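Have a look at start_4.txt below; it lists compact mmCIF, C-alpha atoms.
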```
# COMPACT_ATOMS: atom_id res chain seq x y z
CA MET A 268 -18.30 -29.46 16.29
CA ARG A 269 -16.45 -31.30 19.03
CA ILE A 270 -17.92 -34.22 20.97
CA LEU A 271 -16.52 -36.00 24.03
CA LEU A 272 -17.52 -39.66 24.22
CA VAL A 273 -16.80 -41.47 27.49
CA ASP A 274 -17.63 -45.17 27.74
CA ASP A 275 -15.59 -48.11 29.00
CA GLU A 276 -17.09 -50.56 26.47
CA VAL A 277 -14.41 -50.45 23.76
CA GLU A 278 -16.55 -52.55 21.42
CA LEU A 279 -19.13 -49.73 21.52
CA THR A 280 -16.92 -46.66 21.89
CA ASP A 281 -14.55 -47.29 18.99
CA PRO A 282 -17.15 -47.94 16.26
CA LEU A 283 -19.36 -45.15 17.59
CA SER A 284 -16.42 -42.74 17.47
CA ARG A 285 -15.82 -43.67 13.83
CA VAL A 286 -19.48 -43.20 12.93
CA LEU A 287 -19.64 -39.78 14.59
CA SER A 288 -16.41 -38.76 12.85
CA ARG A 289 -17.82 -39.80 9.48
CA GLU A 290 -20.91 -37.76 10.26
CA GLY A 291 -18.72 -34.67 10.40
CA TYR A 292 -18.01 -34.35 14.13
CA SER A 293 -14.63 -34.09 15.83
CA VAL A 294 -14.62 -36.80 18.51
CA ASP A 295 -12.44 -37.34 21.57
CA ALA A 296 -12.95 -40.73 23.24
CA ALA A 297 -12.13 -41.79 26.79
CA TYR A 298 -12.59 -45.18 28.41
CA ASP A 299 -12.72 -44.24 32.09
CA GLY A 300 -14.25 -41.51 34.18
CA ALA A 301 -10.99 -39.95 35.34
CA THR A 302 -9.75 -39.36 31.79
CA GLY A 303 -13.17 -38.18 30.71
CA SER A 304 -13.32 -35.71 33.57
CA GLU A 305 -9.88 -34.32 32.69
CA LEU A 306 -10.81 -33.87 29.03
CA ALA A 307 -14.10 -32.19 29.93
CA ALA A 308 -12.21 -29.75 32.15
CA GLN A 309 -9.37 -29.05 29.71
CA LYS A 310 -11.23 -28.67 26.42
CA SER A 311 -14.34 -27.00 25.13
CA TYR A 312 -16.97 -29.39 23.75
CA ASP A 313 -20.30 -28.90 22.02
CA LEU A 314 -21.68 -32.16 23.43
CA LEU A 315 -20.77 -34.74 26.09
CA ILE A 316 -21.90 -38.35 25.60
CA LEU A 317 -21.36 -40.19 28.88
CA ASP A 318 -21.82 -43.72 30.09
CA TRP A 319 -23.19 -43.77 33.63
CA MET A 320 -21.09 -46.54 35.17
CA LEU A 321 -17.39 -45.86 34.53
CA PRO A 322 -14.10 -46.82 36.23
CA PHE A 323 -12.69 -44.27 38.70
CA ARG A 324 -15.46 -41.70 38.26
CA THR A 325 -19.02 -42.11 37.08
CA GLY A 326 -20.66 -40.27 34.23
CA LEU A 327 -23.07 -38.84 36.77
CA GLU A 328 -20.15 -37.29 38.68
CA ILE A 329 -18.68 -35.85 35.47
CA CYS A 330 -22.03 -34.28 34.62
CA GLN A 331 -22.35 -32.81 38.11
CA GLU A 332 -18.82 -31.35 37.92
CA VAL A 333 -19.58 -29.71 34.58
CA ARG A 334 -22.78 -28.17 35.93
CA ARG A 335 -21.10 -26.94 39.15
CA LYS A 336 -18.70 -24.97 36.96
CA GLY A 337 -21.65 -23.29 35.28
CA GLN A 338 -21.08 -24.96 31.93
CA THR A 339 -24.19 -25.47 29.80
CA THR A 340 -22.68 -28.04 27.42
CA PRO A 341 -25.41 -30.55 26.47
CA VAL A 342 -25.00 -33.96 28.13
CA LEU A 343 -26.40 -37.22 26.75
CA PHE A 344 -26.27 -40.31 28.97
CA LEU A 345 -25.81 -43.77 27.43
CA THR A 346 -26.58 -46.38 30.05
CA ALA A 347 -28.19 -49.69 30.86
CA LYS A 348 -29.79 -48.12 33.95
CA ASP A 349 -33.38 -47.80 32.80
CA THR A 350 -35.63 -47.35 35.81
CA VAL A 351 -37.65 -44.17 36.26
CA ASP A 352 -35.61 -43.34 39.38
CA ASP A 353 -32.38 -43.69 37.38
CA ARG A 354 -33.65 -41.35 34.67
CA VAL A 355 -34.82 -38.80 37.21
CA GLN A 356 -31.45 -38.93 38.98
CA GLY A 357 -29.59 -38.42 35.69
CA LEU A 358 -31.78 -35.51 34.61
CA ASP A 359 -31.59 -33.93 38.07
CA ALA A 360 -27.78 -34.11 37.83
CA GLY A 361 -27.98 -31.89 34.78
CA ALA A 362 -28.23 -34.31 31.86
CA ASP A 363 -30.17 -33.09 28.82
CA ASP A 364 -31.11 -36.47 27.40
CA TYR A 365 -30.96 -40.16 28.24
CA LEU A 366 -30.62 -43.17 25.91
CA VAL A 367 -30.88 -46.71 27.26
CA LYS A 368 -28.59 -49.47 25.96
CA PRO A 369 -28.95 -51.25 23.64
CA PHE A 370 -30.02 -48.50 21.26
CA GLU A 371 -30.31 -47.96 17.53
CA LEU A 372 -27.60 -45.80 16.00
CA ARG A 373 -30.18 -43.84 14.01
CA GLU A 374 -31.85 -42.73 17.22
CA LEU A 375 -28.53 -41.75 18.79
CA LEU A 376 -27.56 -39.62 15.78
CA ALA A 377 -31.00 -37.99 15.79
CA ARG A 378 -30.66 -37.14 19.50
CA VAL A 379 -27.16 -35.74 18.91
CA ARG A 380 -28.50 -33.47 16.16
CA ALA A 381 -31.43 -32.40 18.34
CA LEU A 382 -29.21 -31.53 21.31
CA LEU A 383 -26.84 -29.53 19.14
CA ARG A 384 -29.75 -27.65 17.56
CA ARG A 385 -31.22 -26.97 20.99
CA SER A 386 -27.91 -25.50 22.14
CA GLY A 387 -27.75 -23.26 19.08
CA THR A 388 -24.87 -25.11 17.44
CA GLU A 389 -24.99 -25.28 13.67
CA VAL A 390 -25.00 -28.91 12.53
CA THR A 391 -23.52 -30.11 9.27
CA THR A 392 -23.44 -33.85 8.82
CA SER A 393 -22.97 -36.20 5.92
CA THR A 394 -25.91 -38.11 4.53
CA SER A 395 -25.07 -41.79 4.47
CA GLN A 396 -26.70 -43.99 1.89
CA LYS A 397 -28.74 -46.74 3.50
CA LEU A 398 -30.27 -49.92 2.11
CA GLN A 399 -32.84 -52.17 3.75
CA VAL A 400 -34.01 -55.72 3.03
CA ALA A 401 -36.40 -57.36 5.50
CA ASP A 402 -35.19 -56.30 8.98
CA LEU A 403 -31.57 -55.77 7.91
CA GLU A 404 -30.31 -52.26 7.22
CA LEU A 405 -26.94 -51.35 5.73
CA ASP A 406 -25.21 -48.01 6.13
CA CYS A 407 -23.02 -48.20 3.03
CA GLU A 408 -20.77 -45.25 3.80
CA ASN A 409 -19.99 -46.26 7.36
CA GLN A 410 -19.66 -50.03 6.77
CA LEU A 411 -22.24 -50.78 9.45
CA ALA A 412 -25.33 -52.97 9.42
CA TYR A 413 -28.22 -53.10 11.87
CA ARG A 414 -30.52 -55.99 12.71
CA GLN A 415 -32.73 -56.66 15.73
CA GLU A 416 -31.21 -53.59 17.45
CA ARG A 417 -27.71 -54.99 16.85
CA MET A 418 -25.00 -52.80 15.37
CA ILE A 419 -22.79 -54.95 13.11
CA GLU A 420 -19.31 -53.82 12.09
CA LEU A 421 -18.27 -54.93 8.63
CA SER A 422 -14.94 -55.11 6.84
CA GLU A 423 -14.67 -53.30 3.52
CA LYS A 424 -15.14 -56.51 1.52
CA GLU A 425 -18.03 -57.65 3.73
CA SER A 426 -19.74 -54.30 3.25
CA GLN A 427 -19.22 -54.43 -0.53
CA LEU A 428 -20.61 -57.95 -0.68
CA LEU A 429 -23.63 -57.16 1.48
CA GLU A 430 -24.40 -54.05 -0.57
CA TYR A 431 -24.22 -56.11 -3.78
CA PHE A 432 -26.54 -58.71 -2.29
CA MET A 433 -29.05 -56.11 -1.07
CA ARG A 434 -29.13 -54.22 -4.37
CA ASN A 435 -29.89 -57.50 -6.10
CA ALA A 436 -32.19 -59.05 -3.50
CA GLY A 437 -34.22 -61.96 -4.82
CA HIS A 438 -31.93 -62.53 -7.81
CA LEU A 439 -29.50 -65.40 -8.28
CA LEU A 440 -25.93 -64.08 -8.26
CA THR A 441 -23.39 -66.50 -9.66
CA HIS A 442 -19.95 -67.06 -8.21
CA THR A 443 -18.47 -65.36 -11.28
CA GLN A 444 -20.69 -62.29 -10.93
CA ILE A 445 -19.81 -61.87 -7.27
CA GLN A 446 -16.09 -62.31 -7.87
CA GLN A 447 -16.21 -59.82 -10.75
CA HIS A 448 -17.97 -57.27 -8.56
CA LEU A 449 -15.61 -57.66 -5.61
CA TRP A 450 -12.28 -58.09 -7.37
CA GLY A 451 -12.85 -56.63 -10.83
CA ASP A 452 -10.74 -57.74 -13.76
CA GLY A 453 -7.75 -58.68 -11.66
CA GLU A 454 -6.78 -62.22 -10.82
CA PRO A 455 -9.81 -63.68 -9.02
CA PRO A 456 -9.16 -65.41 -5.72
CA SER A 457 -9.81 -69.08 -5.24
CA SER A 458 -13.38 -70.20 -4.67
CA ASN A 459 -12.44 -70.89 -1.05
CA VAL A 460 -11.86 -67.16 -0.46
CA LEU A 461 -15.36 -66.26 -1.58
CA ALA A 462 -16.86 -69.11 0.45
CA ALA A 463 -14.99 -67.92 3.54
CA LEU A 464 -16.19 -64.35 3.01
CA ILE A 465 -19.79 -65.55 2.70
CA ARG A 466 -19.39 -67.62 5.87
CA LEU A 467 -18.04 -64.62 7.84
CA LEU A 468 -20.86 -62.39 6.60
CA ARG A 469 -23.47 -64.98 7.54
CA ARG A 470 -22.13 -65.17 11.08
CA LYS A 471 -22.51 -61.43 11.45
CA VAL A 472 -25.92 -60.81 9.89
CA GLU A 473 -27.66 -64.06 10.82
CA ALA A 474 -27.56 -64.43 14.59
CA PRO A 475 -29.23 -67.47 16.21
CA GLY A 476 -32.99 -67.18 15.93
CA GLU A 477 -32.90 -64.68 13.08
CA THR A 478 -34.33 -65.47 9.65
CA PRO A 479 -31.60 -66.55 7.19
CA LEU A 480 -31.08 -64.07 4.37
CA ILE A 481 -28.11 -65.51 2.44
CA HIS A 482 -29.21 -68.64 0.58
CA THR A 483 -26.85 -70.98 -1.27
CA VAL A 484 -27.97 -72.13 -4.71
CA TYR A 485 -25.77 -75.19 -4.98
CA GLY A 486 -23.52 -75.31 -8.00
CA LYS A 487 -24.54 -71.81 -9.10
CA GLY A 488 -24.21 -69.06 -6.50
CA TYR A 489 -26.30 -67.24 -3.92
CA ARG A 490 -29.67 -65.55 -3.51
CA PHE A 491 -30.30 -62.86 -0.90
CA GLY A 492 -33.55 -62.13 0.93
CA GLU A 493 -36.34 -63.85 2.82
CA ASN A 494 -37.61 -67.07 1.30
CA ASN A 495 -41.26 -66.75 0.36
```
Starting from the file, lay out its structure as structure tokens.
Amino acid sequence: MRILLVDDEVELTDPLSRVLSREGYSVDAAYDGATGSELAAQKSYDLLILDWMLPFRTGLEICQEVRRKGQTTPVLFLTAKDTVDDRVQGLDAGADDYLVKPFELRELLARVRALLRRSGTEVTTSTSQKLQVADLELDCENQLAYRQERMIELSEKESQLLEYFMRNAGHLLTHTQIQQHLWGDGEPPSSNVLAALIRLLRRKVEAPGETPLIHTVYGKGYRFGENN
């Protein structure tokens, strides 16, 4: 199944493209309305995911062009425009669904599946393993975490570390145990490398105002989870 994703927010479009690809879809991405319009006209898609406000041509205009040509391709709007009038205008232009930013990835994927089912397209997607501790969720396969409606991109090592923490929530993990898990029997890195990795992970999963989850046990290691 082929999806066209058009959004000028690169920090959203690129990770979302990767997630959709890992879910089994073939994804073309465009970052402006002119390119998106050209792709929609040149290729056949099973679903269009459009931002409303785009450079050169809006998502609304792309949707209207598609409908004028008699195409019934499902259209899902992603937009910060959230008034009732905005939603009515988008639906009147021919959109099939409407998701307001910021959104949870789980809801987006569910809406994608629903639109494809509604259009009669057979859907085959992968089932990603997910872990949850407190209000933090980890999508292990896609190296993505979610907290307070934030989507958090993780490096491979960050994802491995967070998964190890979450599978052992509440338990003290020593520096040696963590190093063994992340680097195996090879030459372990210096303690500074592990400390830097922990610091980077903290910055990502513990935004200001959020409950700390990674707790240092001085001289021993770390414990993950909410303090009781």
*asked:* Taking 4 positions as the minimum chain separation for residues in the same chain, which residues sit within 8 Å of Val342 of chain A when counting all atoms listed in the file? Answer as number ranges by chain.
replied: A: 314-317, 330, 361-364
_Would you compute the distance between atom CA of Gly451 of chain A and atom CA of Phe491 of chain A? Give it in Å to one decimal._
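Here the two named atoms are 21.0 Å from each other.
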*Using all atoms listed in the file, which of A:Ile419, A:Gln427, A:Arg354, A:Lys310 sits nearest Gln447 of chain A?*
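Selected residue with least distance to Gln447 of chain A: A:Gln427.
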*Would you kindly identify which residues have an atom no farther than 12 Å from (-31.6, -44.1, 30.7), using only C-alpha atoms and the file's own coordinates, and write them out as a VMD selection string?*
chain A and resid 317 to 320 327 343 to 358 362 to 370
*Could you tell me which of A:Gln396, A:Asn409, A:Thr302, A:Gln309 comes closest to Ser284 of chain A if we count all atoms listed in the file?*
A:Asn409
*For Arg335 of chain A, the nearest of the candidates A:Ala308, A:Leu428, A:Leu468, A:Val379, counting all atoms listed in the file*: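 Answer, going by the shortest atom-to-atom distance: A:Ala308.
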_Under the rule that only C-alpha atoms are counted, which of A:Glu493, A:Glu420, A:Glu430, A:Asp406 is the nearest residue to Glu290 of chain A?_
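When distances to Glu290 of chain A are compared using only C-alpha atoms, the smallest one comes from A:Asp406.
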*Quick one: pull the distance between atom CA of Ile465 of chain A and atom CA of His438 of chain A, Å, one decimal.*
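According to the coordinates, atom CA of Ile465 of chain A and atom CA of His438 of chain A are separated by 16.3 Å.
Atom pair atom CA of Leu376 of chain A / atom CA of Arg285 of chain A: separated by 12.6 Å.
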*Just give me the residues with any atom within 10 Å of (-23.6, -52.8, 11.6), file coordinates, counting all atoms listed in the file, written as a list in words.*
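Checking each residue against the 10 Å limit leaves Pro282, Leu372, Leu403, Glu404, Leu405, Asp406, Cys407, Asn409, Gln410, Leu411, Ala412, Tyr413, Arg414, Glu416, Arg417, Met418, Ile419, Glu420, Leu421, Ser426, Lys471 and Val472 of chain A.
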*asked:* I need the residue nearest Leu439 of chain A from this list: A:Gln415, A:Ser293, A:Thr483, A:Thr478. Use only C-alpha atoms for the distance.
replied: A:Thr483
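Among the candidate residues A:Ile481, A:Leu271, A:Ile445, A:Leu321, the one lying nearest to Leu283 of chain A is A:Leu271, with distances computed using all atoms listed in the file.
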